[in-house]
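J.: I'd like to ask some things about the structure below.
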Amino acid sequence: MPLPLDRRRQLGAFLRSRRERLTPDEVGLPRTARRRTPGLRREELALLAGISATWYTYLEQGRKVRASEQVLTALAEALRLDRPERAHLLQLAGHAAAAESEEREPLKDEVAAVPLLLQPNPAYIIGGNYDVLSHNRAADELFPRLIGNQAERPANLVRWMFLEPVARDVVVDWEPEARGLLARLRTQAGRHPSDPRYTRLIDELNEGSPEARAWWRQYEVQARRGGRKWLRHPARGPVEYAYTAFHLAEQPEQTLVVYVDSSERSVGAIPAPLPGT
């Protein structure tokens, strides 16, 4: 079955964005005197991947051609894609395993209570599209105006990051953190191309944030991960937090995220960061 037009266009845009970020020097090709386009030419990438330049052009243009996993692997090698990018490429091309149904059971009461047990460490549970499903008081204090009135719509971490002005004050290194979060949303959205929760959120971001609109076109993807970040606490000022994520066994896209002040962290207090948000 051929891919839908929108998916073919996404696939073409992703391939083009990755082709344009490579230079001839990086892949061992001679540099010519004049180049009208950034990065590699289509025929140069096709040569590296061992495929027809015309066929690759059709693929990038979103025409009704179907790429095998072997061809996609060759393109991934030629484009020097990392693991999340390779997975995203396969998903866009229709070769990934089918995503689980978005019809999920509500968050169980005993699971929703876990962030409350982690007080005073800020903690929350998010869904695959970064809706905040449960949180504790410390998270509410650390991320002001994130929770809001959930009777109208679920709180959403990505929406808060881009559309809530206070986020730029709370997140000390706002731009790199926001870019990374948007790249992780892109990865998640690629797994659920027909889920209206993602399309509505992406439309809202593109409409309300010039940064999200510009960065979305760059087609960055990134795996969820833990790590460290500087956040401005309302009473203590800038604090470096280590954040760790735990994926729920029954709902692996639902994630418990816990923040710990790095200056107070002691051996055995909390596990080392795992892949998270």
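By order in the structure tokens, chains are A, B, ...; within a chain, residues start at 1; ligands start at 1, following the order shown.
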With a distance cut-off of 12 Å and only C-alpha atoms, select the neighbouring residues of segment 28-32 of chain A, excluding the residue or stretch itself and same-chain residues fewer than 4 positions from it, and output the selection as a list in words.
T.: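 Close residues of segment 28-32 of chain A: Leu22, Thr23, Pro24, Arg36, Thr37, Gly39, Leu40, Arg41, Glu43, Glu44, Leu45, Leu47, Leu48 and Ala78 of chain A.
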J.: Please dump the current selection as a PDB file, in the first residue's frame; keep N, CA and C atoms.
T.:
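Wrote result-v5.pdb, looks like this:
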```pdb
ATOM      1  N   LEU A  22      25.138  17.746   5.300  1.00  0.00           N
ATOM      2  CA  LEU A  22      26.418  17.102   5.002  1.00  0.00           C
ATOM      3  C   LEU A  22      27.195  17.904   3.962  1.00  0.00           C
ATOM      4  N   THR A  23      28.495  17.906   4.073  1.00  0.00           N
ATOM      5  CA  THR A  23      29.347  18.557   3.074  1.00  0.00           C
ATOM      6  C   THR A  23      30.126  17.500   2.307  1.00  0.00           C
ATOM      7  N   PRO A  24      30.564  17.814   1.082  1.00  0.00           N
ATOM      8  CA  PRO A  24      31.380  16.848   0.331  1.00  0.00           C
ATOM      9  C   PRO A  24      32.621  16.410   1.102  1.00  0.00           C
ATOM     10  N   ARG A  36      25.278  25.503  -5.766  1.00  0.00           N
ATOM     11  CA  ARG A  36      24.086  26.331  -5.596  1.00  0.00           C
ATOM     12  C   ARG A  36      23.255  25.940  -4.381  1.00  0.00           C
ATOM     13  N   THR A  37      23.442  24.738  -3.889  1.00  0.00           N
ATOM     14  CA  THR A  37      22.640  24.268  -2.760  1.00  0.00           C
ATOM     15  C   THR A  37      23.547  23.911  -1.589  1.00  0.00           C
ATOM     16  N   GLY A  39      25.079  21.671   1.416  1.00  0.00           N
ATOM     17  CA  GLY A  39      25.246  20.237   1.594  1.00  0.00           C
ATOM     18  C   GLY A  39      25.495  19.483   0.313  1.00  0.00           C
ATOM     19  N   LEU A  40      25.123  18.199   0.323  1.00  0.00           N
ATOM     20  CA  LEU A  40      25.331  17.334  -0.837  1.00  0.00           C
ATOM     21  C   LEU A  40      24.253  17.566  -1.885  1.00  0.00           C
ATOM     22  N   ARG A  41      24.615  17.320  -3.134  1.00  0.00           N
ATOM     23  CA  ARG A  41      23.610  17.280  -4.197  1.00  0.00           C
ATOM     24  C   ARG A  41      22.896  15.931  -4.146  1.00  0.00           C
ATOM     25  N   GLU A  43      22.365  13.843  -6.557  1.00  0.00           N
ATOM     26  CA  GLU A  43      23.090  12.802  -7.280  1.00  0.00           C
ATOM     27  C   GLU A  43      24.306  12.309  -6.497  1.00  0.00           C
ATOM     28  N   GLU A  44      24.894  13.178  -5.669  1.00  0.00           N
ATOM     29  CA  GLU A  44      26.030  12.764  -4.851  1.00  0.00           C
ATOM     30  C   GLU A  44      25.571  11.791  -3.752  1.00  0.00           C
ATOM     31  N   LEU A  45      24.445  12.107  -3.122  1.00  0.00           N
ATOM     32  CA  LEU A  45      23.925  11.200  -2.102  1.00  0.00           C
ATOM     33  C   LEU A  45      23.523   9.871  -2.718  1.00  0.00           C
ATOM     34  N   LEU A  47      24.785   8.454  -5.302  1.00  0.00           N
ATOM     35  CA  LEU A  47      26.021   7.724  -5.591  1.00  0.00           C
ATOM     36  C   LEU A  47      26.554   7.041  -4.336  1.00  0.00           C
ATOM     37  N   LEU A  48      26.558   7.767  -3.221  1.00  0.00           N
ATOM     38  CA  LEU A  48      27.050   7.196  -1.969  1.00  0.00           C
ATOM     39  C   LEU A  48      26.199   6.028  -1.497  1.00  0.00           C
ATOM     40  N   ALA A  78      24.707   6.525   4.260  1.00  0.00           N
ATOM     41  CA  ALA A  78      25.255   7.635   3.488  1.00  0.00           C
ATOM     42  C   ALA A  78      25.025   8.971   4.173  1.00  0.00           C
TER      43      ALA A  78
END
```
J.: List as JSON lines every residue of segment 129-197 of chain A that is in contact with segment 86-95 of chain A, defined as an atom at most 10 Å from one of its atoms (using only C-alpha atoms), together with the nearest atom pair and the distance in Å rounded to one decimal, sorted by chain and then rising number.
T.:
```
{"residue": "A:Arg186", "atom": "CA", "partner": "A:His88", "partner_atom": "CA", "distance": 9.1}
{"residue": "A:Thr187", "atom": "CA", "partner": "A:His88", "partner_atom": "CA", "distance": 6.5}
{"residue": "A:Gln188", "atom": "CA", "partner": "A:His88", "partner_atom": "CA", "distance": 9.1}
{"residue": "A:Ala189", "atom": "CA", "partner": "A:His88", "partner_atom": "CA", "distance": 9.7}
{"residue": "A:Gly190", "atom": "CA", "partner": "A:His88", "partner_atom": "CA", "distance": 6.5}
{"residue": "A:Arg191", "atom": "CA", "partner": "A:Gln91", "partner_atom": "CA", "distance": 6.6}
{"residue": "A:His192", "atom": "CA", "partner": "A:Gln91", "partner_atom": "CA", "distance": 9.4}
{"residue": "A:Pro193", "atom": "CA", "partner": "A:Leu92", "partner_atom": "CA", "distance": 8.6}
```
J.: Would you output that residue set with all heavy atoms, as an mmCIF file, in the first residue's frame?
T.:
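Okay, part.cif is ready:
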```cif
data_model
loop_
_atom_site.group_PDB
_atom_site.id
_atom_site.type_symbol
_atom_site.label_atom_id
_atom_site.label_comp_id
_atom_site.auth_asym_id
_atom_site.auth_seq_id
_atom_site.Cartn_x
_atom_site.Cartn_y
_atom_site.Cartn_z
ATOM 1 N N ARG A 186 9.132 15.722 17.954
ATOM 2 C CA ARG A 186 9.139 15.295 16.549
ATOM 3 C C ARG A 186 9.290 13.783 16.459
ATOM 4 O O ARG A 186 8.606 13.123 15.663
ATOM 5 C CB ARG A 186 10.278 16.002 15.811
ATOM 6 C CG ARG A 186 10.681 15.392 14.495
ATOM 7 C CD ARG A 186 9.778 15.809 13.364
ATOM 8 N NE ARG A 186 10.084 17.142 12.921
ATOM 9 C CZ ARG A 186 9.524 17.709 11.836
ATOM 10 N NH1 ARG A 186 8.630 17.028 11.135
ATOM 11 N NH2 ARG A 186 9.816 18.930 11.479
ATOM 12 N N THR A 187 10.180 13.214 17.259
ATOM 13 C CA THR A 187 10.377 11.767 17.251
ATOM 14 C C THR A 187 9.104 11.045 17.671
ATOM 15 O O THR A 187 8.690 10.062 17.040
ATOM 16 C CB THR A 187 11.532 11.392 18.189
ATOM 17 O OG1 THR A 187 12.718 12.089 17.784
ATOM 18 C CG2 THR A 187 11.803 9.897 18.154
ATOM 19 N N GLN A 188 8.480 11.529 18.735
ATOM 20 C CA GLN A 188 7.243 10.915 19.202
ATOM 21 C C GLN A 188 6.132 11.048 18.162
ATOM 22 O O GLN A 188 5.374 10.105 17.916
ATOM 23 C CB GLN A 188 6.803 11.564 20.514
ATOM 24 C CG GLN A 188 7.662 11.199 21.713
ATOM 25 C CD GLN A 188 7.513 9.741 22.071
ATOM 26 O OE1 GLN A 188 8.416 8.942 21.843
ATOM 27 N NE2 GLN A 188 6.375 9.370 22.607
ATOM 28 N N ALA A 189 6.012 12.216 17.554
ATOM 29 C CA ALA A 189 4.962 12.445 16.555
ATOM 30 C C ALA A 189 5.138 11.518 15.358
ATOM 31 O O ALA A 189 4.158 11.080 14.751
ATOM 32 C CB ALA A 189 4.975 13.906 16.104
ATOM 33 N N GLY A 190 6.389 11.207 14.999
ATOM 34 C CA GLY A 190 6.633 10.301 13.890
ATOM 35 C C GLY A 190 6.113 8.904 14.144
ATOM 36 O O GLY A 190 5.810 8.160 13.208
ATOM 37 N N ARG A 191 5.981 8.525 15.411
ATOM 38 C CA ARG A 191 5.446 7.207 15.758
ATOM 39 C C ARG A 191 3.926 7.172 15.719
ATOM 40 O O ARG A 191 3.332 6.099 15.733
ATOM 41 C CB ARG A 191 5.932 6.815 17.162
ATOM 42 C CG ARG A 191 7.445 6.629 17.257
ATOM 43 C CD ARG A 191 7.887 6.456 18.689
ATOM 44 N NE ARG A 191 9.337 6.315 18.752
ATOM 45 C CZ ARG A 191 10.064 6.570 19.823
ATOM 46 N NH1 ARG A 191 9.463 6.988 20.930
ATOM 47 N NH2 ARG A 191 11.371 6.423 19.813
ATOM 48 N N HIS A 192 3.314 8.345 15.699
ATOM 49 C CA HIS A 192 1.850 8.433 15.736
ATOM 50 C C HIS A 192 1.376 9.445 14.699
ATOM 51 O O HIS A 192 0.815 10.492 15.051
ATOM 52 C CB HIS A 192 1.375 8.832 17.129
ATOM 53 C CG HIS A 192 1.897 7.951 18.222
ATOM 54 N ND1 HIS A 192 1.354 6.724 18.515
ATOM 55 C CD2 HIS A 192 2.949 8.102 19.067
ATOM 56 C CE1 HIS A 192 2.025 6.157 19.512
ATOM 57 N NE2 HIS A 192 3.002 6.979 19.853
ATOM 58 N N PRO A 193 1.609 9.175 13.425
ATOM 59 C CA PRO A 193 1.328 10.178 12.391
ATOM 60 C C PRO A 193 -0.134 10.568 12.259
ATOM 61 O O PRO A 193 -0.438 11.643 11.749
ATOM 62 C CB PRO A 193 1.847 9.512 11.111
ATOM 63 C CG PRO A 193 1.804 8.047 11.390
ATOM 64 C CD PRO A 193 2.140 7.919 12.850
#
```
J.: Quick one: residues within 12 Å of Ala235 of chain A, only C-alpha atoms, excluding same-chain residues fewer than 4 positions away - as a VMD selection string?
T.: chain A and resid 138 141 to 142 170 231 239
J.: Near Arg145 of chain A, counting only C-alpha atoms, which residues have an atom at most 10 Å away, once you skip same-chain residues fewer than 5 positions from it, shown as a PyMOL selection string?
T.: chain A and resi 140+155+160+164-167
J.: Output the selection as a compact mmCIF listing (two decimals), in the first residue's frame - C-alpha atoms for each residue.
T.:
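Contents of the output file selection_15.txt:
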```txt
# COMPACT_ATOMS: atom_id res chain seq x y z
CA ASP A 140 3.91 22.93 40.51
CA ALA A 155 -1.24 20.65 30.93
CA TRP A 160 4.45 25.50 28.39
CA GLU A 164 4.22 30.37 28.35
CA PRO A 165 6.51 33.44 28.79
CA VAL A 166 7.56 32.45 32.32
CA ALA A 167 9.26 29.32 30.90
```
J.: Using only C-alpha atoms, which residues sit within 12 Å of Tyr219 of chain A once same-chain residues fewer than 6 positions away are excluded, as an MDAnalysis selection string?
T.: chainID A and resid 10:21 85 88:89 179:180 182:187 189:190 212:213
J.: Skip Glu211 of chain A itself and residues of its chain fewer than 2 positions away, then list as a VMD selection string all residues within 12 Å of it, counting only C-alpha atoms.
T.: chain A and resid 161 to 163 174 to 176 178 to 179 182 205 to 209 213 to 218
J.: Got a sec to tell me which of segment 20-247 of chain A DSSP assigns to alpha helix (DSSP H), as an MDAnalysis selection string?
T.: chainID A and resid 20 24:27 42:49 53:60 69:79 83:92 109:112 114:117 137:142 157:163 167:170 174:191 196:208 210:217
J.: Would you please work out which residue, of A:Leu181, A:Leu256, A:Glu69, A:Pro84, is nearest to Leu118 of chain A when using only C-alpha atoms?
T.: A:Leu256
J.: Of the residues A:Tyr130, A:Tyr243, A:Phe143, A:Tyr124, which is the one nearest to Ser262 of chain A, using only C-alpha atoms?
T.: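 Ranking A:Tyr130, A:Tyr243, A:Phe143, A:Tyr124 by distance to Ser262 of chain A, first place goes to A:Tyr243.
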J.: For Pro122 of chain A, which residue out of A:Gly237, A:Ala139, A:Ala249, A:Lys108 is the nearest one, using only C-alpha atoms?
T.: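 Smallest separation from Pro122 of chain A among the options: A:Ala139.
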J.: Which residues, written as a ChimeraX atom specification, have at least one atom at most 9 Å from Leu5 of chain A, with only C-alpha atoms counted and residues fewer than 2 positions away on the same chain left out?
T.: /A:2-3,7-10,62-64
J.: Write to file, as a PDB file, in the first residue's frame, the residues of the selection just made, with N, CA, C and O atoms.
T.:
```
ATOM      1  N   PRO A   2       0.647   2.193  -0.923  1.00  0.00           N
ATOM      2  CA  PRO A   2       1.484   3.391  -0.967  1.00  0.00           C
ATOM      3  C   PRO A   2       1.282   4.258   0.272  1.00  0.00           C
ATOM      4  O   PRO A   2       0.210   4.270   0.884  1.00  0.00           O
ATOM      5  N   LEU A   3       2.308   5.007   0.621  1.00  0.00           N
ATOM      6  CA  LEU A   3       2.206   5.899   1.762  1.00  0.00           C
ATOM      7  C   LEU A   3       1.276   7.063   1.450  1.00  0.00           C
ATOM      8  O   LEU A   3       1.201   7.517   0.305  1.00  0.00           O
ATOM      9  N   ARG A   7       2.614  11.747   4.526  1.00  0.00           N
ATOM     10  CA  ARG A   7       3.766  10.978   5.011  1.00  0.00           C
ATOM     11  C   ARG A   7       4.899  11.028   3.995  1.00  0.00           C
ATOM     12  O   ARG A   7       6.074  11.134   4.373  1.00  0.00           O
ATOM     13  N   ARG A   8       4.585  10.950   2.695  1.00  0.00           N
ATOM     14  CA  ARG A   8       5.633  11.026   1.673  1.00  0.00           C
ATOM     15  C   ARG A   8       6.326  12.379   1.714  1.00  0.00           C
ATOM     16  O   ARG A   8       7.548  12.470   1.538  1.00  0.00           O
ATOM     17  N   ARG A   9       5.553  13.425   1.961  1.00  0.00           N
ATOM     18  CA  ARG A   9       6.151  14.759   2.053  1.00  0.00           C
ATOM     19  C   ARG A   9       7.056  14.882   3.278  1.00  0.00           C
ATOM     20  O   ARG A   9       8.126  15.498   3.210  1.00  0.00           O
ATOM     21  N   GLN A  10       6.626  14.298   4.392  1.00  0.00           N
ATOM     22  CA  GLN A  10       7.466  14.311   5.590  1.00  0.00           C
ATOM     23  C   GLN A  10       8.769  13.552   5.356  1.00  0.00           C
ATOM     24  O   GLN A  10       9.842  13.998   5.775  1.00  0.00           O
ATOM     25  N   GLY A  62       8.532  13.310  -2.767  1.00  0.00           N
ATOM     26  CA  GLY A  62       7.272  12.810  -2.238  1.00  0.00           C
ATOM     27  C   GLY A  62       6.416  12.102  -3.272  1.00  0.00           C
ATOM     28  O   GLY A  62       5.193  11.992  -3.092  1.00  0.00           O
ATOM     29  N   ARG A  63       7.032  11.597  -4.331  1.00  0.00           N
ATOM     30  CA  ARG A  63       6.253  10.881  -5.334  1.00  0.00           C
ATOM     31  C   ARG A  63       5.913   9.472  -4.847  1.00  0.00           C
ATOM     32  O   ARG A  63       6.417   9.006  -3.827  1.00  0.00           O
ATOM     33  N   LYS A  64       5.064   8.793  -5.616  1.00  0.00           N
ATOM     34  CA  LYS A  64       4.573   7.473  -5.210  1.00  0.00           C
ATOM     35  C   LYS A  64       5.603   6.395  -5.520  1.00  0.00           C
ATOM     36  O   LYS A  64       5.443   5.581  -6.429  1.00  0.00           O
TER      37      LYS A  64
END
```
J.: Determine which residues of segment 209-244 of chain A receive a DSSP assignment of strand (DSSP E or B), computed from the backbone, and state them as a PyMOL selection string.
T.: chain A and resi 227-233+237-244
J.: So that I have them on file, write out the residues from the current selection with N, CA, C and O atoms, as a CSV table (one decimal), in the first residue's frame.
T.:
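Result saved to out-v7.csv:
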```
chain,number,residue,atom,x,y,z
A,227,GLY,N,19.4,13.6,32.3
A,227,GLY,CA,20.6,14.4,32.3
A,227,GLY,C,20.5,15.5,33.4
A,227,GLY,O,20.0,15.2,34.4
A,228,ARG,N,21.0,16.7,33.0
A,228,ARG,CA,21.1,17.8,34.0
A,228,ARG,C,20.6,19.0,33.3
A,228,ARG,O,20.8,19.2,32.1
A,229,LYS,N,20.0,19.9,34.1
A,229,LYS,CA,19.6,21.2,33.5
A,229,LYS,C,19.5,22.2,34.7
A,229,LYS,O,19.3,21.9,35.8
A,230,TRP,N,19.7,23.5,34.3
A,230,TRP,CA,19.6,24.6,35.3
A,230,TRP,C,18.2,25.1,35.2
A,230,TRP,O,17.7,25.5,34.1
A,231,LEU,N,17.5,25.2,36.4
A,231,LEU,CA,16.2,25.8,36.5
A,231,LEU,C,16.2,26.8,37.6
A,231,LEU,O,16.9,26.7,38.6
A,232,ARG,N,15.4,27.9,37.4
A,232,ARG,CA,15.4,28.9,38.4
A,232,ARG,C,14.3,28.7,39.4
A,232,ARG,O,13.1,28.8,39.1
A,233,HIS,N,14.7,28.3,40.6
A,233,HIS,CA,13.7,28.0,41.7
A,233,HIS,C,13.1,29.3,42.2
A,233,HIS,O,13.8,30.3,42.3
A,237,GLY,N,16.6,30.6,43.5
A,237,GLY,CA,17.3,31.1,42.3
A,237,GLY,C,17.8,29.9,41.5
A,237,GLY,O,17.2,28.8,41.6
A,238,PRO,N,18.8,30.1,40.6
A,238,PRO,CA,19.2,29.1,39.7
A,238,PRO,C,19.8,27.9,40.4
A,238,PRO,O,20.6,28.0,41.3
A,239,VAL,N,19.3,26.7,40.1
A,239,VAL,CA,19.7,25.4,40.7
A,239,VAL,C,19.9,24.4,39.6
A,239,VAL,O,19.2,24.3,38.6
A,240,GLU,N,21.0,23.7,39.7
A,240,GLU,CA,21.3,22.6,38.7
A,240,GLU,C,20.6,21.3,39.2
A,240,GLU,O,20.9,20.9,40.3
A,241,TYR,N,19.7,20.8,38.4
A,241,TYR,CA,19.0,19.6,38.7
A,241,TYR,C,19.5,18.4,37.9
A,241,TYR,O,19.7,18.6,36.7
A,242,ALA,N,19.6,17.3,38.5
A,242,ALA,CA,19.7,16.0,37.7
A,242,ALA,C,18.3,15.5,37.6
A,242,ALA,O,17.6,15.4,38.6
A,243,TYR,N,17.9,15.1,36.4
A,243,TYR,CA,16.6,14.5,36.2
A,243,TYR,C,16.7,13.1,35.6
A,243,TYR,O,17.5,12.9,34.8
A,244,THR,N,15.8,12.3,36.2
A,244,THR,CA,15.9,10.9,35.8
A,244,THR,C,14.4,10.5,35.4
A,244,THR,O,13.5,11.0,36.0
```
J.: Rounded to one decimal in Å, what is the spacing between atom CA of Asp203 of chain A and atom CA of Asn156 of chain A?
T.: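 Taking atom CA of Asp203 of chain A and atom CA of Asn156 of chain A, their separation equals 14.1 Å.
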